[in-house]
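Colleague: This is the structure, below, for whatever I ask next.
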Amino acid sequence: MNKQRWFDDLTSKIAHECVKIDEPLYLHTMTKMGGRADLYVSPTTEEETIFVVSYAHHNQIPLLLLGNGSNMVVRDGGVRGIVLNLSKLNRIKIKGTRVYAESGADIIDVSRAAVKETLAGLEFACGIPGSVGGAMAMNAGAYGGEIKDIIFQATVLTHEGEKLVLSKEELELDYRMSVITKKGYYVLSAEFDLVPGDQLTIDAKVADLTHLRESKQPLEYPSAGSVFKRPPGYFAGKLIQDCELQGKGFGGAEVSMKHAGFIVNKNNATATDYIQTIDMVRKKVQEKFGILLDLEVKIVGENE
């Protein structure tokens with residue numbers, strides 16, 4: 001492993017300030033946890049992104065797409081190889097009822113842009129704390145809506161750096177999964193197909209969903225969002241609540257008192273604290289109900 005050589009090669013085409021060696025990832029995650037990345041790269045254009053992906057592939061360097069750091073737990077030992085952050089690819093354009101957004105744009109900002117243009121269909125995303133790329137990969141959803149309801153197409157990169165344009169059908173969007181997650185594609189941009197709406201109706205729906213989110217989710221503490229997928233026929237939060245696990249955890253991490261489906265970083269938690277709390281919740285729920293909760297969050301990186 002030669003981090004300096006990687007740095008020199010990448011900065012031949014990318015500005016030095018966009019490539020960092022041994023960058024602390026707790027600075028870039030919603031949980032405020034995580035060790036260092038060997039190399040942390042934040043390209044500013046699609047061409048630079050293709051260069052990074054191709055470079056990693058041809059040099060057999062592990063590559064992790066961080067997104068905006070939501071829905072992810074980075075272990076305390078950090079991440080070997082290259083961590084790719086596309087937050088600088090964040091343009092949003094609207095033409096008619098089509099909304100185009102680059103991968104690094106926050107899906108909340110895309111929802112707000114649609115609302116300003118009196119376009120309906122993306123109100124459900126007004127409180128989802130993720131990037132467009134992450135929302136596409138996980139088919140993000142909330143309050144009865146999900147990405148597959150309004151997606152038209154997406155542009156992705158393969159591991160080799162080949163650019164593909166995938167239709168709604170080719171994206172294979174399902175509950176918290178897609179062809180993007182199955183094949184490890186990197187999202188460059190997405191195009192959504194919305195419908196003209198009534199401004200008062202759209203504004204009222206956004207206000208209602210914003211109130212629901214703020215009243216029911218523990219936004220006052222860092223977290224990875226909803227930790228577990230919904231088991232068929234059940235709600236993960238209700239199962240955890242019925243196990244009387246709220247307020248319990250390890251170190252600075254605990255199951256939220258406000259919403260049992262969230263684990264919060266309440267007091268300088270380490271990733272180890274957070275993961276131990278996840279494991280405890282899964283074990284207790286399985287013991288009481290015979291249901292093994294599947295993770296919605298992604299756990300990455302090395303142990304210390």
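Ordered as shown in the structure tokens, chains take letters A, B, and onward, while each chain numbers its residues from 1 and ligands are numbered from 1 in the order shown.
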When DSSP works through the backbone of this structure, what residues of segment 195-276 of chain A end up as helix (DSSP H, G or I), shown as a PyMOL selection string?

Modeller: chain A and resi 199-216+236-242+271-276

Colleague: Would you mind listing what lies within 10 Å of Arg176 of chain A as number ranges by chain, with only C-alpha atoms counted and same-chain residues fewer than 4 positions away left out?

Modeller: A: 135-141, 146-147, 181, 229-230, 296

Colleague: Using only C-alpha atoms, can you tell me which of A:Ala15, A:Leu10, A:Leu239, A:Val79 comes closest to Glu302 of chain A?

Modeller: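 With only C-alpha atoms as the atom set, the closest residue is A:Val79.
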
Colleague: I'd like the interatomic distance between atom CA of Lys93 of chain A and atom CA of Lys163 of chain A, to a tenth of an Å.

Modeller: 20.4 Å

Colleague: Residues within 10 Å of Phe124 of chain A, please, as a VMD selection string. Count only C-alpha atoms; anything in the same chain fewer than 5 positions from it doesn't count.

Modeller: chain A and resid 108 111 140 to 147 205 to 206 209 to 210

Colleague: Go ahead and save the residues from that selection, with C-alpha atoms, as a PDB file, in the first residue's frame.

Modeller:
ATOM      1  CA  ILE A 108     -34.120  16.830   0.807  1.00  0.00           C
ATOM      2  CA  SER A 111     -37.603  17.627  -2.776  1.00  0.00           C
ATOM      3  CA  ALA A 140     -35.319   5.227  -0.072  1.00  0.00           C
ATOM      4  CA  GLY A 141     -38.832   5.737   1.140  1.00  0.00           C
ATOM      5  CA  ALA A 142     -40.932   7.286   3.890  1.00  0.00           C
ATOM      6  CA  TYR A 143     -44.563   7.941   4.711  1.00  0.00           C
ATOM      7  CA  GLY A 144     -45.994   5.873   1.882  1.00  0.00           C
ATOM      8  CA  GLY A 145     -43.693   7.044  -0.912  1.00  0.00           C
ATOM      9  CA  GLU A 146     -40.458   5.664  -2.334  1.00  0.00           C
ATOM     10  CA  ILE A 147     -37.964   6.407  -5.076  1.00  0.00           C
ATOM     11  CA  LYS A 205     -48.180  17.752   2.900  1.00  0.00           C
ATOM     12  CA  VAL A 206     -44.548  18.798   3.374  1.00  0.00           C
ATOM     13  CA  LEU A 209     -44.464  15.175   7.084  1.00  0.00           C
ATOM     14  CA  THR A 210     -41.865  17.548   8.538  1.00  0.00           C
TER      15      THR A 210
END

Colleague: Might you pull out every residue within 10 Å of Leu295 of chain A, with only C-alpha atoms counted and same-chain residues fewer than 4 positions away left off, and present them as a list of chain:residue names?

Modeller: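 Result of the neighbour search: A:Asn71, A:Ser226, A:Val227, A:Phe228, A:Lys229, A:Arg230, A:Ile278, A:Arg282, A:Ile299.
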
Colleague: Can you list, as number ranges by chain, all residues belonging to segment 161-280 of chain A that DSSP tags as strand (DSSP E)?

Modeller: A: 163-167, 186-193, 195-196, 223-226, 253-255, 262-265

Colleague: Selection from above, N, CA, C and O atoms, as an mmCIF file, in the first residue's frame, can you write it?

Modeller:
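Printed below is again_4.cif as written:
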data_model
loop_
_atom_site.group_PDB
_atom_site.id
_atom_site.type_symbol
_atom_site.label_atom_id
_atom_site.label_comp_id
_atom_site.auth_asym_id
_atom_site.auth_seq_id
_atom_site.Cartn_x
_atom_site.Cartn_y
_atom_site.Cartn_z
ATOM 1 N N LYS A 163 -19.777 3.972 -18.060
ATOM 2 C CA LYS A 163 -21.004 4.704 -17.747
ATOM 3 C C LYS A 163 -22.210 4.019 -18.387
ATOM 4 O O LYS A 163 -22.203 3.695 -19.571
ATOM 5 N N LEU A 164 -23.273 3.815 -17.590
ATOM 6 C CA LEU A 164 -24.502 3.185 -18.063
ATOM 7 C C LEU A 164 -25.694 4.070 -17.706
ATOM 8 O O LEU A 164 -25.719 4.687 -16.639
ATOM 9 N N VAL A 165 -26.672 4.124 -18.589
ATOM 10 C CA VAL A 165 -27.937 4.786 -18.292
ATOM 11 C C VAL A 165 -28.982 3.691 -18.107
ATOM 12 O O VAL A 165 -29.240 2.907 -19.023
ATOM 13 N N LEU A 166 -29.570 3.616 -16.911
ATOM 14 C CA LEU A 166 -30.499 2.549 -16.570
ATOM 15 C C LEU A 166 -31.921 3.087 -16.452
ATOM 16 O O LEU A 166 -32.170 4.096 -15.780
ATOM 17 N N SER A 167 -32.847 2.398 -17.099
ATOM 18 C CA SER A 167 -34.255 2.779 -17.021
ATOM 19 C C SER A 167 -34.822 2.358 -15.662
ATOM 20 O O SER A 167 -34.174 1.653 -14.882
ATOM 21 N N TYR A 186 -21.893 2.759 -9.032
ATOM 22 C CA TYR A 186 -21.762 4.084 -8.433
ATOM 23 C C TYR A 186 -22.709 5.025 -9.170
ATOM 24 O O TYR A 186 -22.611 5.189 -10.388
ATOM 25 N N VAL A 187 -23.618 5.656 -8.452
ATOM 26 C CA VAL A 187 -24.592 6.547 -9.078
ATOM 27 C C VAL A 187 -23.940 7.893 -9.398
ATOM 28 O O VAL A 187 -23.280 8.489 -8.555
ATOM 29 N N LEU A 188 -24.136 8.350 -10.629
ATOM 30 C CA LEU A 188 -23.675 9.681 -11.033
ATOM 31 C C LEU A 188 -24.801 10.702 -10.965
ATOM 32 O O LEU A 188 -24.603 11.835 -10.523
ATOM 33 N N SER A 189 -25.993 10.294 -11.417
ATOM 34 C CA SER A 189 -27.131 11.219 -11.414
ATOM 35 C C SER A 189 -28.425 10.435 -11.558
ATOM 36 O O SER A 189 -28.413 9.245 -11.893
ATOM 37 N N ALA A 190 -29.525 11.122 -11.295
ATOM 38 C CA ALA A 190 -30.845 10.513 -11.437
ATOM 39 C C ALA A 190 -31.805 11.526 -12.032
ATOM 40 O O ALA A 190 -31.618 12.741 -11.889
ATOM 41 N N GLU A 191 -32.815 11.011 -12.710
ATOM 42 C CA GLU A 191 -33.844 11.870 -13.298
ATOM 43 C C GLU A 191 -35.204 11.382 -12.825
ATOM 44 O O GLU A 191 -35.540 10.209 -12.991
ATOM 45 N N PHE A 192 -35.959 12.291 -12.203
ATOM 46 C CA PHE A 192 -37.257 11.949 -11.632
ATOM 47 C C PHE A 192 -38.388 12.506 -12.490
ATOM 48 O O PHE A 192 -38.264 13.579 -13.081
ATOM 49 N N ASP A 193 -39.487 11.782 -12.542
ATOM 50 C CA ASP A 193 -40.640 12.154 -13.353
ATOM 51 C C ASP A 193 -41.797 12.485 -12.413
ATOM 52 O O ASP A 193 -42.426 11.586 -11.848
ATOM 53 N N VAL A 195 -45.298 15.201 -11.299
ATOM 54 C CA VAL A 195 -46.542 15.681 -11.919
ATOM 55 C C VAL A 195 -46.859 17.069 -11.382
ATOM 56 O O VAL A 195 -46.526 17.396 -10.239
ATOM 57 N N PRO A 196 -47.504 17.917 -12.185
ATOM 58 C CA PRO A 196 -47.910 19.231 -11.689
ATOM 59 C C PRO A 196 -48.885 19.065 -10.525
ATOM 60 O O PRO A 196 -49.738 18.164 -10.533
ATOM 61 N N SER A 223 -26.959 10.067 14.515
ATOM 62 C CA SER A 223 -27.362 8.663 14.329
ATOM 63 C C SER A 223 -27.207 8.280 12.870
ATOM 64 O O SER A 223 -26.979 9.138 12.018
ATOM 65 N N ALA A 224 -27.348 7.001 12.602
ATOM 66 C CA ALA A 224 -27.294 6.515 11.221
ATOM 67 C C ALA A 224 -28.681 6.414 10.615
ATOM 68 O O ALA A 224 -28.866 5.813 9.563
ATOM 69 N N GLY A 225 -29.672 6.999 11.293
ATOM 70 C CA GLY A 225 -31.047 6.880 10.814
ATOM 71 C C GLY A 225 -31.671 5.578 11.282
ATOM 72 O O GLY A 225 -31.241 4.979 12.271
ATOM 73 N N SER A 226 -32.679 5.152 10.580
ATOM 74 C CA SER A 226 -33.357 3.897 10.929
ATOM 75 C C SER A 226 -32.384 2.733 10.742
ATOM 76 O O SER A 226 -31.868 2.520 9.650
ATOM 77 N N ALA A 253 -23.476 4.967 23.143
ATOM 78 C CA ALA A 253 -24.560 4.660 22.202
ATOM 79 C C ALA A 253 -25.749 4.068 22.950
ATOM 80 O O ALA A 253 -25.568 3.298 23.899
ATOM 81 N N GLU A 254 -26.950 4.432 22.523
ATOM 82 C CA GLU A 254 -28.126 3.832 23.152
ATOM 83 C C GLU A 254 -29.314 3.825 22.203
ATOM 84 O O GLU A 254 -29.396 4.629 21.268
ATOM 85 N N VAL A 255 -30.250 2.914 22.469
ATOM 86 C CA VAL A 255 -31.503 2.865 21.724
ATOM 87 C C VAL A 255 -32.305 4.109 22.106
ATOM 88 O O VAL A 255 -32.507 4.400 23.290
ATOM 89 N N PHE A 262 -34.140 3.730 16.166
ATOM 90 C CA PHE A 262 -32.918 4.513 16.023
ATOM 91 C C PHE A 262 -31.960 4.202 17.168
ATOM 92 O O PHE A 262 -32.386 4.044 18.319
ATOM 93 N N ILE A 263 -30.687 4.129 16.857
ATOM 94 C CA ILE A 263 -29.643 4.068 17.876
ATOM 95 C C ILE A 263 -28.857 5.365 17.752
ATOM 96 O O ILE A 263 -28.382 5.711 16.659
ATOM 97 N N VAL A 264 -28.745 6.088 18.858
ATOM 98 C CA VAL A 264 -28.147 7.422 18.799
ATOM 99 C C VAL A 264 -26.767 7.444 19.457
ATOM 100 O O VAL A 264 -26.460 6.638 20.336
ATOM 101 N N ASN A 265 -25.946 8.362 18.969
ATOM 102 C CA ASN A 265 -24.656 8.646 19.586
ATOM 103 C C ASN A 265 -24.913 9.737 20.620
ATOM 104 O O ASN A 265 -24.889 10.923 20.325
#

Colleague: At a cut-off of 8 Å, using only C-alpha atoms, what residues contact His159 of chain A? Leave out same-chain residues fewer than 6 positions from it and give the result as a VMD selection string.

Modeller: chain A and resid 53 to 54 57 184 to 186

Colleague: Set the distance at 8 Å and use only C-alpha atoms: which residues neighbour Leu65 of chain A once local chain neighbours fewer than 3 positions away are removed? I'd like the list as a list in words.

Modeller: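 Result of the neighbour search: Val83, Leu84, Asn85 and Tyr186 of chain A.
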
Colleague: Would you export the selected residues with all heavy atoms as a PDB file, in the first residue's frame, please?

Modeller:
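Writing the result to result.pdb gives the following:
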ATOM      1  N   VAL A  83     -11.744   6.261  -0.133  1.00  0.00           N
ATOM      2  CA  VAL A  83     -13.139   6.612   0.167  1.00  0.00           C
ATOM      3  C   VAL A  83     -13.536   7.736  -0.784  1.00  0.00           C
ATOM      4  O   VAL A  83     -12.867   8.776  -0.853  1.00  0.00           O
ATOM      5  CB  VAL A  83     -13.311   7.047   1.635  1.00  0.00           C
ATOM      6  CG1 VAL A  83     -14.706   7.633   1.856  1.00  0.00           C
ATOM      7  CG2 VAL A  83     -13.080   5.863   2.568  1.00  0.00           C
ATOM      8  N   LEU A  84     -14.611   7.498  -1.521  1.00  0.00           N
ATOM      9  CA  LEU A  84     -15.080   8.444  -2.541  1.00  0.00           C
ATOM     10  C   LEU A  84     -16.316   9.173  -2.036  1.00  0.00           C
ATOM     11  O   LEU A  84     -17.305   8.541  -1.646  1.00  0.00           O
ATOM     12  CB  LEU A  84     -15.409   7.676  -3.826  1.00  0.00           C
ATOM     13  CG  LEU A  84     -15.948   8.459  -5.018  1.00  0.00           C
ATOM     14  CD1 LEU A  84     -14.922   9.465  -5.516  1.00  0.00           C
ATOM     15  CD2 LEU A  84     -16.340   7.494  -6.144  1.00  0.00           C
ATOM     16  N   ASN A  85     -16.253  10.495  -2.020  1.00  0.00           N
ATOM     17  CA  ASN A  85     -17.385  11.310  -1.601  1.00  0.00           C
ATOM     18  C   ASN A  85     -17.810  12.199  -2.769  1.00  0.00           C
ATOM     19  O   ASN A  85     -16.992  12.956  -3.301  1.00  0.00           O
ATOM     20  CB  ASN A  85     -16.999  12.172  -0.397  1.00  0.00           C
ATOM     21  CG  ASN A  85     -18.179  12.970   0.137  1.00  0.00           C
ATOM     22  OD1 ASN A  85     -18.740  13.800  -0.556  1.00  0.00           O
ATOM     23  ND2 ASN A  85     -18.552  12.701   1.374  1.00  0.00           N
ATOM     24  N   TYR A 186     -21.893   2.759  -9.032  1.00  0.00           N
ATOM     25  CA  TYR A 186     -21.762   4.084  -8.433  1.00  0.00           C
ATOM     26  C   TYR A 186     -22.709   5.025  -9.170  1.00  0.00           C
ATOM     27  O   TYR A 186     -22.611   5.189 -10.388  1.00  0.00           O
ATOM     28  CB  TYR A 186     -20.320   4.585  -8.544  1.00  0.00           C
ATOM     29  CG  TYR A 186     -19.303   3.624  -7.968  1.00  0.00           C
ATOM     30  CD1 TYR A 186     -18.617   2.735  -8.805  1.00  0.00           C
ATOM     31  CD2 TYR A 186     -19.056   3.583  -6.604  1.00  0.00           C
ATOM     32  CE1 TYR A 186     -17.693   1.837  -8.278  1.00  0.00           C
ATOM     33  CE2 TYR A 186     -18.135   2.691  -6.071  1.00  0.00           C
ATOM     34  CZ  TYR A 186     -17.454   1.821  -6.904  1.00  0.00           C
ATOM     35  OH  TYR A 186     -16.554   0.925  -6.389  1.00  0.00           O
TER      36      TYR A 186
END

Colleague: Work out how far apart atom CA of Ile50 of chain A and atom CA of Thr158 of chain A are and give it in Å to one decimal.

Modeller: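 Computing it gives 9.5 Å between the two atoms.
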
Colleague: When you count only C-alpha atoms, which of these residues is closest to Val73 of chain A: A:Ala236, A:Ala269, A:Leu119, A:Ala105?

Modeller: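 The closest residue to Val73 of chain A is A:Ala269.
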
Colleague: When distances are computed from only C-alpha atoms, which of A:Ile275, A:Leu194, A:Leu39, A:Val19 shows the smallest separation from Leu122 of chain A?

Modeller: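 Counting only C-alpha atoms, the residue closest to Leu122 of chain A is A:Leu194.
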
Colleague: Please report the interatomic distance between atom CA of Phe51 of chain A and atom CA of Gly301 of chain A in Å with one decimal.

Modeller: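 Value for the atom CA of Phe51 of chain A-atom CA of Gly301 of chain A distance: 23.2 Å.
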